[in-house]
Amino acid sequence: MEDQIFVSDLPSLDTLYPGKVTLDTRSGYSGFIVPREFLLEVSTEIHDVWGYDMLSSITGVDYFPEKMEVVYHFYRSLGGGALVLKVQVPRDDAVVPSIFSIYNGAEFQEREAWDLLGIKFDGHPDLRRILMWEGFEGFPLRKDWKEAYYEGDTKPFSSRWPEGVAEHSENKNIFNDNVKYPENFDPDKWIASGEEALYLGLQKSENGKDMETESIVINLGPQHPSTHGVFRMAALVDGEEIVDLKPAFGYLHRNHEKIGERNTFLQNMPFTDRLDYISSMSNNFGYALAVEKLMGVKPPERAEYIRVIMAELTRIESHFMSTGFLLNDLGAFFTPALYALKERELILDVFEAVSGSRMMCNYFRFGGVVRDLPAGIQETIKNLAFERLPGKVDELDQLLTENEIVRSRCMGIGVLTAEQAINLSVTGPILRASGVPYDIRRADPYSIYDRFDFDIPVFYHGDVYDRYLIRIEEMRQSVRIIQQAITQIPEGPVFEGKPQYQVRVPAGEAYGRVEAPKGELGFYVVSNGQANPWRYHVRAPSFINLTSLRQMCLKYKVADVIAILGSIDIVLGEVDR
Amino acid sequence: MQSEKINKPDINIPPELQSQVAITTLDRIYNWSRANSLWPMMFGLACCAIEMIITAASRYDFSRFGMEVMRPSPRQADVMIVSGTVTKKMVPQIVRLFNQMGEPKYVLAMGACASGGGPFKEGYNVVSGIDKFLPVDVYIPGCPPTPQALLHGLIILQKKIEKEKLADAEWYKKDFYEEIPVPILGPDLLDPRKYHLFKKEIDTTTEELVIESDAKGEEA
Ligand code: SF4
């Protein structure tokens, strides 16, 4: 059994590829630096031989003015830590081979890096802008690119209150708006590039049919009642059947990352709330973990318990919501959703009591949580966990699971196999509904999840129905965790050290990831020792899960697409960031 | 009953008829019925949309105020609740949706983002408030506004509607046709109403150049 590979083994690529791959030796950094010529060779090797079958995140970092770096995080679907690869390229020749052919999940992430950082991926099948529109001027995340309301590189800006008088950014701009144009731009000569690229990219099916039929393009969104926000897709249909489908993003692109790199570390916390705005506590968790890794602090016991309780309440609340809205999409307009939202309100009451806000909690801090649970809330949570929620989850289960219409609309629809799911970088409930028991709380445990007794539910059909079932099951497991946590929670402080407005973060990089309700939520943070993050990247689960949408929809009917999209459970704040 | 609201106060109705007869003006009955059956557009942009949905759902339930009919089609809606961040990529669609709504129509800017850009104001893809393009009737502060705040905003809108007069209702006037030009996605967002500003910019720079060269010529 000599060639057995253990999950804990990290391949020492630098000795396997002497002279080609080197260890990243910058202080605070880890992983390997691969020259771009060997990237495909190395990634094939780690995929085929070393079992790093899941590409978690691809992003770029602009080390202005020297170089551009592309950072890859790979994981094994069996569990364990990350393998980090980096490719360094000059800024004016930022071309890297695309690893799309090995990891299909790279598709949207590479497009995003192209869109925002101007890194070209050679061999990518459809390298278009993804969040901004075709024709937009410049690559906004490059450090030398400045937005129209630019005031300074880093906050806090001194210009906000000159002599105590507030000044509006609009008034400094001659267009009185948040716009800027290249020099000598003439609007009358501008020809908008339109949407041809999106529509022309749709592939006609090749398989010969007896009858010549004409296929048509259907555009859905961004204003559509069942796209869960401003999501849009273009589908090529043959009769009722989906032949090809492409999502279009960016209608809620709010520039989290650019703003995040101007902000101080702590200022970003409330912005993370607005990523997946249904589960702000989980977002706080991921960002806090990433920065805590850099700072090397650990929250006190009580804070850990509070964090877990809040994260699990969030999971329940988010799953309630997604189940309710899936039923909306199936046509049971709002009645099941009303049941679900009623319970969600009770959880929001807890959030409001602990943090002061129903949705935008901003509750976590680096090294703990911002304040202790107020009096009486522990009792409320106990009540919820032991009395109210278990019964209500069962109620939803009884109402829906055996329902004839739910079954016939969901079973066997939108099938995604385990191999496809892993290759497409899918995470969260969708991955587990396809038969892969991968949950970061177990696969790469963080916080104190290793202390609790809970199961990772797995279903094997990979269809809409299983994705629904898994959410019901996960709510039960979350209730179990809360029950244990709320009985074991110790007394004590909830914050390590003294609360500070300006935290000191040593130089280095960190990738913090949590199992958010939608999947793996990762924060890649690079610090250069200053008060602001040099790079702040969010690996958004619902964005990357959408990579699988096309695969799931092919050969199904138009009406199924709505159900399939509902089963992915996207939140646009996170998809577009 | 809301008969006090309908009745014209200075007309005395005999007490025995008070619950059956109302004497009122056309304006009052027209506005009263409109204000109490507002159909909001089912149209969500960002985080605020979630609170809007919650306002429609069990605990807050805005159908108590006659607003339960949310319509995804702009043709059937009276109120556009702009619930969230307005991005440059989305604003052409929003303007188009607004143009497609039938008169009389109202716009509610829900939350900090729709009112003025909000936390994301400095972002390169964010419009500093929907009022840069659409006429806003009520602004609701908050990030997100609580459901109570949204309800309050809607009630304020009802009050505004109740003050309107048929005689000077714009939308009944002849030739009333007001379409907002749809912005275009250029190298940055292009607002057709501001094209002249480009010209002005170019003109002033050339003027300055002329003056400068003149001055130089005089010196020489
Ligand atoms: S105002 Fe706040 S809650 Fe509303 S859309 Fe903007 S960021 Fe989201």
# chains A, B, ... in the order shown; residues from 1 in each chain; ligands from 1
>>> closest_atom_pairs(of="chain B", to="chain A", cutoff="7 Å", atoms="only C-alpha atoms", output="tab-separated table")
residue	atom	partner	partner_atom	distance
B:Met42	CA	A:Pro225	CA	6.8
B:Phe43	CA	A:Gln223	CA	6.8
B:Gly44	CA	A:Gly229	CA	5.6
B:Leu45	CA	A:Gly229	CA	5.8
B:Ala46	CA	A:Gly573	CA	6.4
B:Cys47	CA	A:Tyr277	CA	5.7
B:Ala57	CA	A:Leu338	CA	6.0
B:Ser58	CA	A:Leu338	CA	5.9
B:Arg59	CA	A:Lys342	CA	7.0
B:Pro72	CA	A:Pro225	CA	6.0
B:Thr87	CA	A:Leu252	CA	6.1
B:Lys89	CA	A:Tyr251	CA	5.4
B:Met90	CA	A:Tyr251	CA	5.1
B:Phe120	CA	A:Arg254	CA	6.3
B:Glu122	CA	A:Tyr149	CA	5.6
B:Gly123	CA	A:Asn255	CA	5.4
B:Tyr124	CA	A:Glu147	CA	5.4
B:Asn125	CA	A:Arg254	CA	6.2
B:Val126	CA	A:Arg254	CA	6.3
B:Val127	CA	A:Asn178	CA	6.3
B:Ser128	CA	A:Asn178	CA	6.6
B:Leu185	CA	A:Ala192	CA	6.6
B:Gly186	CA	A:Ala192	CA	6.2
B:Pro187	CA	A:Phe136	CA	4.3
B:Asp188	CA	A:Phe136	CA	6.0
B:Leu189	CA	A:Val179	CA	6.5
B:Tyr195	CA	A:Pro187	CA	6.8
>>> write_last_selection(atoms="N, CA, C and O atoms", output="mmCIF file, in the first residue's frame")
data_model
loop_
_atom_site.group_PDB
_atom_site.id
_atom_site.type_symbol
_atom_site.label_atom_id
_atom_site.label_comp_id
_atom_site.auth_asym_id
_atom_site.auth_seq_id
_atom_site.Cartn_x
_atom_site.Cartn_y
_atom_site.Cartn_z
ATOM 1 N N MET B 42 -44.123 44.194 -8.704
ATOM 2 C CA MET B 42 -43.308 43.158 -8.083
ATOM 3 C C MET B 42 -41.926 43.224 -8.708
ATOM 4 O O MET B 42 -41.682 42.715 -9.788
ATOM 5 N N PHE B 43 -41.073 43.880 -8.011
ATOM 6 C CA PHE B 43 -39.826 44.273 -8.653
ATOM 7 C C PHE B 43 -38.832 44.514 -7.528
ATOM 8 O O PHE B 43 -38.992 45.436 -6.745
ATOM 9 N N GLY B 44 -37.882 43.627 -7.403
ATOM 10 C CA GLY B 44 -36.930 43.744 -6.309
ATOM 11 C C GLY B 44 -35.544 43.947 -6.860
ATOM 12 O O GLY B 44 -35.174 43.378 -7.869
ATOM 13 N N LEU B 45 -34.762 44.791 -6.212
ATOM 14 C CA LEU B 45 -33.415 45.017 -6.712
ATOM 15 C C LEU B 45 -32.363 44.393 -5.808
ATOM 16 O O LEU B 45 -31.439 43.762 -6.279
ATOM 17 N N ALA B 46 -32.462 44.601 -4.518
ATOM 18 C CA ALA B 46 -31.387 44.111 -3.663
ATOM 19 C C ALA B 46 -31.942 43.765 -2.284
ATOM 20 O O ALA B 46 -33.089 43.361 -2.161
ATOM 21 N N CYS B 47 -31.117 43.974 -1.276
ATOM 22 C CA CYS B 47 -31.471 43.560 0.081
ATOM 23 C C CYS B 47 -32.823 44.119 0.508
ATOM 24 O O CYS B 47 -33.616 43.450 1.157
ATOM 25 N N ALA B 57 -45.745 39.763 3.564
ATOM 26 C CA ALA B 57 -46.002 38.431 4.123
ATOM 27 C C ALA B 57 -46.674 38.506 5.489
ATOM 28 O O ALA B 57 -47.106 39.568 5.931
ATOM 29 N N SER B 58 -46.680 37.369 6.152
ATOM 30 C CA SER B 58 -47.588 37.166 7.282
ATOM 31 C C SER B 58 -47.600 38.268 8.334
ATOM 32 O O SER B 58 -48.640 38.796 8.673
ATOM 33 N N ARG B 59 -46.467 38.638 8.879
ATOM 34 C CA ARG B 59 -46.546 39.458 10.078
ATOM 35 C C ARG B 59 -46.993 40.894 9.801
ATOM 36 O O ARG B 59 -47.724 41.472 10.571
ATOM 37 N N PRO B 72 -45.955 41.767 -11.503
ATOM 38 C CA PRO B 72 -44.629 41.816 -12.131
ATOM 39 C C PRO B 72 -44.640 42.633 -13.416
ATOM 40 O O PRO B 72 -43.598 43.050 -13.876
ATOM 41 N N THR B 87 -27.960 49.955 -9.993
ATOM 42 C CA THR B 87 -26.650 49.890 -10.626
ATOM 43 C C THR B 87 -26.750 50.454 -12.034
ATOM 44 O O THR B 87 -27.825 50.546 -12.602
ATOM 45 N N LYS B 89 -25.737 49.091 -14.666
ATOM 46 C CA LYS B 89 -26.139 48.073 -15.623
ATOM 47 C C LYS B 89 -27.649 47.866 -15.590
ATOM 48 O O LYS B 89 -28.247 47.481 -16.574
ATOM 49 N N MET B 90 -28.263 48.126 -14.459
ATOM 50 C CA MET B 90 -29.698 47.874 -14.313
ATOM 51 C C MET B 90 -30.537 49.085 -14.657
ATOM 52 O O MET B 90 -31.702 48.957 -15.009
ATOM 53 N N PHE B 120 -23.025 51.892 -0.928
ATOM 54 C CA PHE B 120 -22.207 51.568 -2.096
ATOM 55 C C PHE B 120 -22.033 52.765 -3.021
ATOM 56 O O PHE B 120 -21.642 52.610 -4.167
ATOM 57 N N GLU B 122 -19.969 55.080 -3.607
ATOM 58 C CA GLU B 122 -18.735 55.363 -4.328
ATOM 59 C C GLU B 122 -18.394 54.312 -5.373
ATOM 60 O O GLU B 122 -17.469 54.497 -6.142
ATOM 61 N N GLY B 123 -19.124 53.216 -5.407
ATOM 62 C CA GLY B 123 -18.819 52.134 -6.337
ATOM 63 C C GLY B 123 -18.927 52.585 -7.780
ATOM 64 O O GLY B 123 -19.720 53.462 -8.113
ATOM 65 N N TYR B 124 -18.122 51.970 -8.647
ATOM 66 C CA TYR B 124 -18.075 52.417 -10.041
ATOM 67 C C TYR B 124 -19.291 52.002 -10.837
ATOM 68 O O TYR B 124 -19.488 52.430 -11.956
ATOM 69 N N ASN B 125 -20.088 51.091 -10.295
ATOM 70 C CA ASN B 125 -21.254 50.625 -11.054
ATOM 71 C C ASN B 125 -22.548 51.055 -10.386
ATOM 72 O O ASN B 125 -23.593 50.491 -10.636
ATOM 73 N N VAL B 126 -22.481 52.048 -9.504
ATOM 74 C CA VAL B 126 -23.649 52.390 -8.705
ATOM 75 C C VAL B 126 -24.146 53.783 -9.078
ATOM 76 O O VAL B 126 -23.365 54.711 -9.220
ATOM 77 N N VAL B 127 -25.455 53.889 -9.253
ATOM 78 C CA VAL B 127 -26.063 55.183 -9.544
ATOM 79 C C VAL B 127 -26.396 55.846 -8.209
ATOM 80 O O VAL B 127 -26.912 55.207 -7.304
ATOM 81 N N SER B 128 -26.116 57.133 -8.098
ATOM 82 C CA SER B 128 -26.321 57.804 -6.810
ATOM 83 C C SER B 128 -27.783 58.144 -6.593
ATOM 84 O O SER B 128 -28.161 59.301 -6.541
ATOM 85 N N LEU B 185 -25.493 52.193 -22.143
ATOM 86 C CA LEU B 185 -24.247 51.711 -21.555
ATOM 87 C C LEU B 185 -23.106 52.000 -22.510
ATOM 88 O O LEU B 185 -22.942 51.327 -23.521
ATOM 89 N N GLY B 186 -22.350 53.015 -22.202
ATOM 90 C CA GLY B 186 -21.190 53.368 -23.019
ATOM 91 C C GLY B 186 -19.936 52.946 -22.293
ATOM 92 O O GLY B 186 -19.938 51.974 -21.572
ATOM 93 N N PRO B 187 -18.857 53.724 -22.431
ATOM 94 C CA PRO B 187 -17.670 53.453 -21.624
ATOM 95 C C PRO B 187 -17.993 53.653 -20.146
ATOM 96 O O PRO B 187 -17.315 53.119 -19.272
ATOM 97 N N ASP B 188 -19.031 54.439 -19.877
ATOM 98 C CA ASP B 188 -19.627 54.550 -18.559
ATOM 99 C C ASP B 188 -21.090 54.826 -18.874
ATOM 100 O O ASP B 188 -21.467 54.892 -20.031
ATOM 101 N N LEU B 189 -21.910 54.997 -17.868
ATOM 102 C CA LEU B 189 -23.328 55.194 -18.148
ATOM 103 C C LEU B 189 -23.553 56.520 -18.864
ATOM 104 O O LEU B 189 -23.056 57.564 -18.441
ATOM 105 N N TYR B 195 -26.118 64.955 -22.854
ATOM 106 C CA TYR B 195 -25.146 64.953 -23.952
ATOM 107 C C TYR B 195 -24.545 66.340 -24.179
ATOM 108 O O TYR B 195 -23.397 66.476 -24.549
#
>>> select_by_dssp(residues="stretch 168-331 of chain A", states="strand (DSSP E or B)", output="list in words")
Ser215, Ile216, Val217, Ile218, Asn219, Leu220, Arg232, Met233, Ala234, Ala235, Leu236, Val237, Asp238, Glu241, Ile242, Val243, Asp244, Leu245, Lys246, Pro247 and Ala248 of chain A
>>> residues_near_ligand(ligand="ligand 1", cutoff="7 Å", atoms="only C-alpha atoms and all ligand atoms", output="PyMOL selection string")
(chain A and resi 274) or (chain B and resi 46-48+83-85+111-114+118-120+142-144)
>>> select_by_dssp(residues="stretch 329-536 of chain A", states="alpha helix (DSSP H)", output="PyMOL selection string")
chain A and resi 329-330+335-355+377-383+389-400+404-410+418-423+429-433+440-443+464-488
>>> residues_around(residues="A:Arg371", least_positions_apart="2", cutoff="10 Å", atoms="only C-alpha atoms", output="MDAnalysis selection string")
chainID A and resid 303 354:355 363:365 368:369 373:374 493:495
